[in-house]
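Raw contents of target-v6.pdb, PDB, C-alpha atoms, pLDDT in the B column:
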ATOM      1  CA  MET A 264     -86.406  -6.338  30.734  1.00 93.00           C
ATOM      2  CA  ILE A 265     -83.333  -6.031  28.515  1.00 96.00           C
ATOM      3  CA  LYS A 266     -79.590  -5.865  29.035  1.00 97.00           C
ATOM      4  CA  VAL A 267     -77.376  -3.801  26.769  1.00 97.00           C
ATOM      5  CA  ILE A 268     -73.762  -4.937  26.626  1.00 97.00           C
ATOM      6  CA  ILE A 269     -71.171  -2.699  25.004  1.00 95.00           C
ATOM      7  CA  ASP A 270     -67.536  -3.661  24.393  1.00 94.00           C
ATOM      8  CA  GLN A 271     -65.082  -0.869  23.705  1.00 92.00           C
ATOM      9  CA  LEU A 272     -61.313  -0.709  23.403  1.00 93.00           C
ATOM     10  CA  CYS A 273     -59.947   2.669  24.329  1.00 93.00           C
ATOM     11  CA  GLN A 274     -56.641   4.163  23.228  1.00 91.00           C
ATOM     12  CA  PRO A 275     -54.147   3.283  25.983  1.00 86.00           C
ATOM     13  CA  ASP A 276     -53.364   6.901  26.872  1.00 89.00           C
ATOM     14  CA  LYS A 277     -57.052   7.954  27.002  1.00 91.00           C
ATOM     15  CA  GLU A 278     -58.439   5.509  29.607  1.00 90.00           C
ATOM     16  CA  GLU A 279     -59.018   8.003  32.418  1.00 92.00           C
ATOM     17  CA  HIS A 280     -60.824  10.540  30.231  1.00 94.00           C
ATOM     18  CA  PHE A 281     -62.814   7.711  28.656  1.00 92.00           C
ATOM     19  CA  ASN A 282     -63.810   6.459  32.109  1.00 92.00           C
ATOM     20  CA  ASP A 283     -64.849   9.998  33.147  1.00 94.00           C
ATOM     21  CA  LEU A 284     -67.170  10.163  30.121  1.00 95.00           C
ATOM     22  CA  LEU A 285     -68.624   6.764  31.046  1.00 94.00           C
ATOM     23  CA  LEU A 286     -69.377   8.067  34.542  1.00 94.00           C
ATOM     24  CA  GLU A 287     -71.052  11.135  33.063  1.00 95.00           C
ATOM     25  CA  LEU A 288     -73.205   8.920  30.840  1.00 95.00           C
ATOM     26  CA  ARG A 289     -74.148   6.743  33.815  1.00 94.00           C
ATOM     27  CA  GLU A 290     -75.255   9.786  35.832  1.00 95.00           C
ATOM     28  CA  MET A 291     -77.392  10.941  32.905  1.00 96.00           C
ATOM     29  CA  ALA A 292     -78.833   7.453  32.336  1.00 96.00           C
ATOM     30  CA  MET A 293     -79.891   7.173  35.969  1.00 96.00           C
ATOM     31  CA  ARG A 294     -82.371   9.997  35.314  1.00 96.00           C
ATOM     32  CA  GLN A 295     -83.869   8.305  32.235  1.00 96.00           C
ATOM     33  CA  HIS A 296     -87.223   6.572  32.207  1.00 97.00           C
ATOM     34  CA  GLY A 297     -86.786   2.798  32.227  1.00 97.00           C
ATOM     35  CA  TYR A 298     -83.190   2.722  33.468  1.00 97.00           C
ATOM     36  CA  ILE A 299     -82.744   0.000  36.091  1.00 97.00           C
ATOM     37  CA  SER A 300     -79.019  -0.450  36.652  1.00 96.00           C
ATOM     38  CA  GLY A 301     -75.598  -0.415  35.095  1.00 95.00           C
ATOM     39  CA  GLU A 302     -72.011  -1.350  35.647  1.00 95.00           C
ATOM     40  CA  THR A 303     -68.689  -0.787  33.969  1.00 94.00           C
ATOM     41  CA  LEU A 304     -66.111  -3.545  33.850  1.00 96.00           C
ATOM     42  CA  ARG A 305     -62.463  -3.043  33.006  1.00 94.00           C
ATOM     43  CA  GLU A 306     -60.205  -5.896  31.999  1.00 94.00           C
ATOM     44  CA  LEU A 307     -57.356  -6.546  34.437  1.00 94.00           C
ATOM     45  CA  ILE A 308     -54.778  -7.577  31.853  1.00 94.00           C
ATOM     46  CA  ASP A 309     -55.745  -4.859  29.359  1.00 91.00           C
ATOM     47  CA  PRO A 310     -57.227  -1.861  31.221  1.00 91.00           C
ATOM     48  CA  SER A 311     -58.068  -0.183  27.923  1.00 92.00           C
ATOM     49  CA  HIS A 312     -60.814  -2.813  27.389  1.00 93.00           C
ATOM     50  CA  PHE A 313     -64.158  -1.707  28.822  1.00 94.00           C
ATOM     51  CA  LYS A 314     -67.412  -3.644  29.036  1.00 96.00           C
ATOM     52  CA  ILE A 315     -70.508  -1.615  29.899  1.00 96.00           C
ATOM     53  CA  ILE A 316     -73.650  -3.453  30.985  1.00 97.00           C
ATOM     54  CA  SER A 317     -76.929  -1.635  31.530  1.00 96.00           C
ATOM     55  CA  THR A 318     -80.383  -2.945  32.348  1.00 97.00           C
ATOM     56  CA  TRP A 319     -83.523  -1.277  30.990  1.00 97.00           C
ATOM     57  CA  SER A 320     -87.220  -1.937  31.447  1.00 96.00           C
ATOM     58  CA  THR A 321     -87.933  -2.072  27.715  1.00 95.00           C
ATOM     59  CA  LEU A 322     -86.198  -1.851  24.361  1.00 96.00           C
ATOM     60  CA  LYS A 323     -88.151   1.355  23.731  1.00 97.00           C
ATOM     61  CA  ASP A 324     -86.651   2.929  26.878  1.00 97.00           C
ATOM     62  CA  TRP A 325     -83.152   2.005  25.685  1.00 96.00           C
ATOM     63  CA  LYS A 326     -83.789   3.332  22.161  1.00 97.00           C
ATOM     64  CA  THR A 327     -85.040   6.635  23.591  1.00 97.00           C
ATOM     65  CA  TRP A 328     -81.853   6.938  25.651  1.00 96.00           C
ATOM     66  CA  GLN A 329     -79.674   5.782  22.752  1.00 95.00           C
ATOM     67  CA  ASN A 330     -80.983   8.648  20.605  1.00 96.00           C
ATOM     68  CA  CYS A 331     -80.897  11.314  23.346  1.00 95.00           C
ATOM     69  CA  PRO A 332     -78.838  14.246  21.915  1.00 96.00           C
ATOM     70  CA  PRO A 333     -76.586  14.751  24.983  1.00 95.00           C
ATOM     71  CA  ARG A 334     -75.825  11.018  24.977  1.00 95.00           C
ATOM     72  CA  VAL A 335     -75.079  11.048  21.243  1.00 95.00           C
ATOM     73  CA  LEU A 336     -72.620  13.916  21.775  1.00 96.00           C
ATOM     74  CA  ILE A 337     -70.732  12.123  24.566  1.00 94.00           C
ATOM     75  CA  GLU A 338     -70.784   8.881  22.588  1.00 92.00           C
ATOM     76  CA  ALA A 339     -69.130  10.693  19.655  1.00 91.00           C
ATOM     77  CA  MET A 340     -66.360  11.949  21.958  1.00 92.00           C
ATOM     78  CA  MET A 341     -65.851   8.419  23.247  1.00 92.00           C
ATOM     79  CA  GLU A 342     -65.825   6.987  19.730  1.00 90.00           C
ATOM     80  CA  SER A 343     -62.887   9.259  18.862  1.00 90.00           C
ATOM     81  CA  MET A 344     -60.921   7.573  21.687  1.00 91.00           C
ATOM     82  CA  THR A 345     -61.619   3.963  20.710  1.00 89.00           C
ATOM     83  CA  THR A 346     -59.276   1.762  18.728  1.00 87.00           C
ATOM     84  CA  ASP A 347     -61.668  -0.943  17.585  1.00 79.00           C
ATOM     85  CA  GLY A 348     -65.017   0.775  17.435  1.00 73.00           C
ATOM     86  CA  ARG A 349     -67.891  -0.210  19.656  1.00 82.00           C
ATOM     87  CA  LYS A 350     -69.665  -3.545  19.783  1.00 92.00           C
ATOM     88  CA  LEU A 351     -73.202  -3.272  21.117  1.00 93.00           C
ATOM     89  CA  ARG A 352     -75.508  -6.220  21.769  1.00 96.00           C
ATOM     90  CA  ILE A 353     -78.963  -6.266  23.306  1.00 96.00           C
ATOM     91  CA  PHE A 354     -80.239  -9.259  25.246  1.00 96.00           C
ATOM     92  CA  THR A 355     -83.526 -10.119  26.873  1.00 93.00           C
ATOM     93  CA  VAL A 356     -83.781 -12.021  30.120  1.00 80.00           C
ATOM     94  CA  ASP A 357     -84.804 -15.600  29.324  1.00 77.00           C
ATOM     95  CA  HIS A 358     -87.212 -16.504  32.118  1.00 74.00           C
ATOM     96  CA  GLY A 359     -87.770 -19.938  30.587  1.00 69.00           C
ATOM     97  CA  SER A 360     -84.303 -21.088  31.614  1.00 60.00           C
ATOM     98  CA  GLU A 361     -84.690 -20.360  35.330  1.00 54.00           C
TER      99      GLU A 361
END
With the file now loaded, output its structure as structure tokens.
Amino acid sequence: MIKVIIDQLCQPDKEEHFNDLLLELREMAMRQHGYISGETLRELIDPSHFKIISTWSTLKDWKTWQNCPPRVLIEAMMESMTTDGRKLRIFTVDHGSE
């Protein structure tokens, strides 16, 4: 199992449209093979700062979704609304530390 964590800073006047696109992506992801769960966090002090966390069965499942053409299109729209680009990190669950 992996967790994908994405940090994005949105332009201050674009937050609602940005959030709508995130919801659209989430609905699409829920129909993808290997998708387990996801959540979107928004910083209280700076509501233009979003953190998206999704859980996938395998890295392959995530990569398939990452390269899905409808996702790529929405991601490009979102990228045009960001101020600091997108920071994406992929983690695995460390069962040895439990």
Go through A:Gln329, A:Ser300, A:Ser320, A:Ser311 and flag the residue nearest A:Pro275, using only C-alpha atoms for the distances. A:Ser311
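Of the residues under consideration (A:Val335, A:Met291, A:Ile299, A:Cys273), A:Ile299 shows the shortest atom-to-atom contact distance to A:Thr321 when counting all atoms listed in the file.
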Any idea what's packed within 12 Å of A:Asp283, counting all atoms listed in the file, ignoring anything in its chain fewer than 5 positions away? Could you give it as a ChimeraX atom specification? /A:277-278,288-290,303,337,340-341
Residues picked by the PyMOL selection byres ((chain A and resi 319) around 12) here, as a ChimeraX atom specification? /A:264-268,292-293,295-301,316-318,320-329,353-356
Can you write just those residues out, C-alpha atoms, as a PDB file, in the coordinates of the input?
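And here's out03.pdb as it stands now:
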ATOM      1  CA  MET A 264     -86.406  -6.338  30.734  1.00 93.00           C
ATOM      2  CA  ILE A 265     -83.333  -6.031  28.515  1.00 96.00           C
ATOM      3  CA  LYS A 266     -79.590  -5.865  29.035  1.00 97.00           C
ATOM      4  CA  VAL A 267     -77.376  -3.801  26.769  1.00 97.00           C
ATOM      5  CA  ILE A 268     -73.762  -4.937  26.626  1.00 97.00           C
ATOM      6  CA  ALA A 292     -78.833   7.453  32.336  1.00 96.00           C
ATOM      7  CA  MET A 293     -79.891   7.173  35.969  1.00 96.00           C
ATOM      8  CA  GLN A 295     -83.869   8.305  32.235  1.00 96.00           C
ATOM      9  CA  HIS A 296     -87.223   6.572  32.207  1.00 97.00           C
ATOM     10  CA  GLY A 297     -86.786   2.798  32.227  1.00 97.00           C
ATOM     11  CA  TYR A 298     -83.190   2.722  33.468  1.00 97.00           C
ATOM     12  CA  ILE A 299     -82.744   0.000  36.091  1.00 97.00           C
ATOM     13  CA  SER A 300     -79.019  -0.450  36.652  1.00 96.00           C
ATOM     14  CA  GLY A 301     -75.598  -0.415  35.095  1.00 95.00           C
ATOM     15  CA  ILE A 316     -73.650  -3.453  30.985  1.00 97.00           C
ATOM     16  CA  SER A 317     -76.929  -1.635  31.530  1.00 96.00           C
ATOM     17  CA  THR A 318     -80.383  -2.945  32.348  1.00 97.00           C
ATOM     18  CA  SER A 320     -87.220  -1.937  31.447  1.00 96.00           C
ATOM     19  CA  THR A 321     -87.933  -2.072  27.715  1.00 95.00           C
ATOM     20  CA  LEU A 322     -86.198  -1.851  24.361  1.00 96.00           C
ATOM     21  CA  LYS A 323     -88.151   1.355  23.731  1.00 97.00           C
ATOM     22  CA  ASP A 324     -86.651   2.929  26.878  1.00 97.00           C
ATOM     23  CA  TRP A 325     -83.152   2.005  25.685  1.00 96.00           C
ATOM     24  CA  LYS A 326     -83.789   3.332  22.161  1.00 97.00           C
ATOM     25  CA  THR A 327     -85.040   6.635  23.591  1.00 97.00           C
ATOM     26  CA  TRP A 328     -81.853   6.938  25.651  1.00 96.00           C
ATOM     27  CA  GLN A 329     -79.674   5.782  22.752  1.00 95.00           C
ATOM     28  CA  ILE A 353     -78.963  -6.266  23.306  1.00 96.00           C
ATOM     29  CA  PHE A 354     -80.239  -9.259  25.246  1.00 96.00           C
ATOM     30  CA  THR A 355     -83.526 -10.119  26.873  1.00 93.00           C
ATOM     31  CA  VAL A 356     -83.781 -12.021  30.120  1.00 80.00           C
TER      32      VAL A 356
END
With only C-alpha atoms as the atoms that count, which of A:Ser343, A:His280, A:Asp270, A:Arg334 lies nearest to A:Leu304? A:Asp270
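One finds atom CA of A:Leu285 at 9.0 Å from atom CA of A:Glu338.
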Could you jot down the atom CA of A:Glu306 to atom CA of A:Asp357 separation for me, Å, one decimal place? 26.6 Å
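A straight line drawn from atom CA of A:Arg294 to atom CA of A:Pro310 is 28.1 Å long.
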Nearest to A:Lys350, chosen from A:Pro333, A:Ile315, A:Leu284, A:Gln271, with only C-alpha atoms counted in the distances: A:Gln271
May I have the protein, DNA and RNA residues with any atom at most 10 Å from the point (-67.4, -1.9, 17.3), counting all atoms listed in the file, written as a list of chain:residue names? A:Ile269, A:Asp270, A:Gln271, A:Leu272, A:Glu342, A:Thr345, A:Thr346, A:Asp347, A:Gly348, A:Arg349, A:Lys350, A:Leu351
Set up a box along x, y and z of the file covering all listed atoms of stretch 336-341 of chain A, add 3 Å on every one of the six sides, and write the centre and edge lengths in Å to one decimal, as JSON.
{"center_x": -69.2, "center_y": 11.2, "center_z": 22.1, "size_x": 12.8, "size_y": 11.5, "size_z": 10.9}
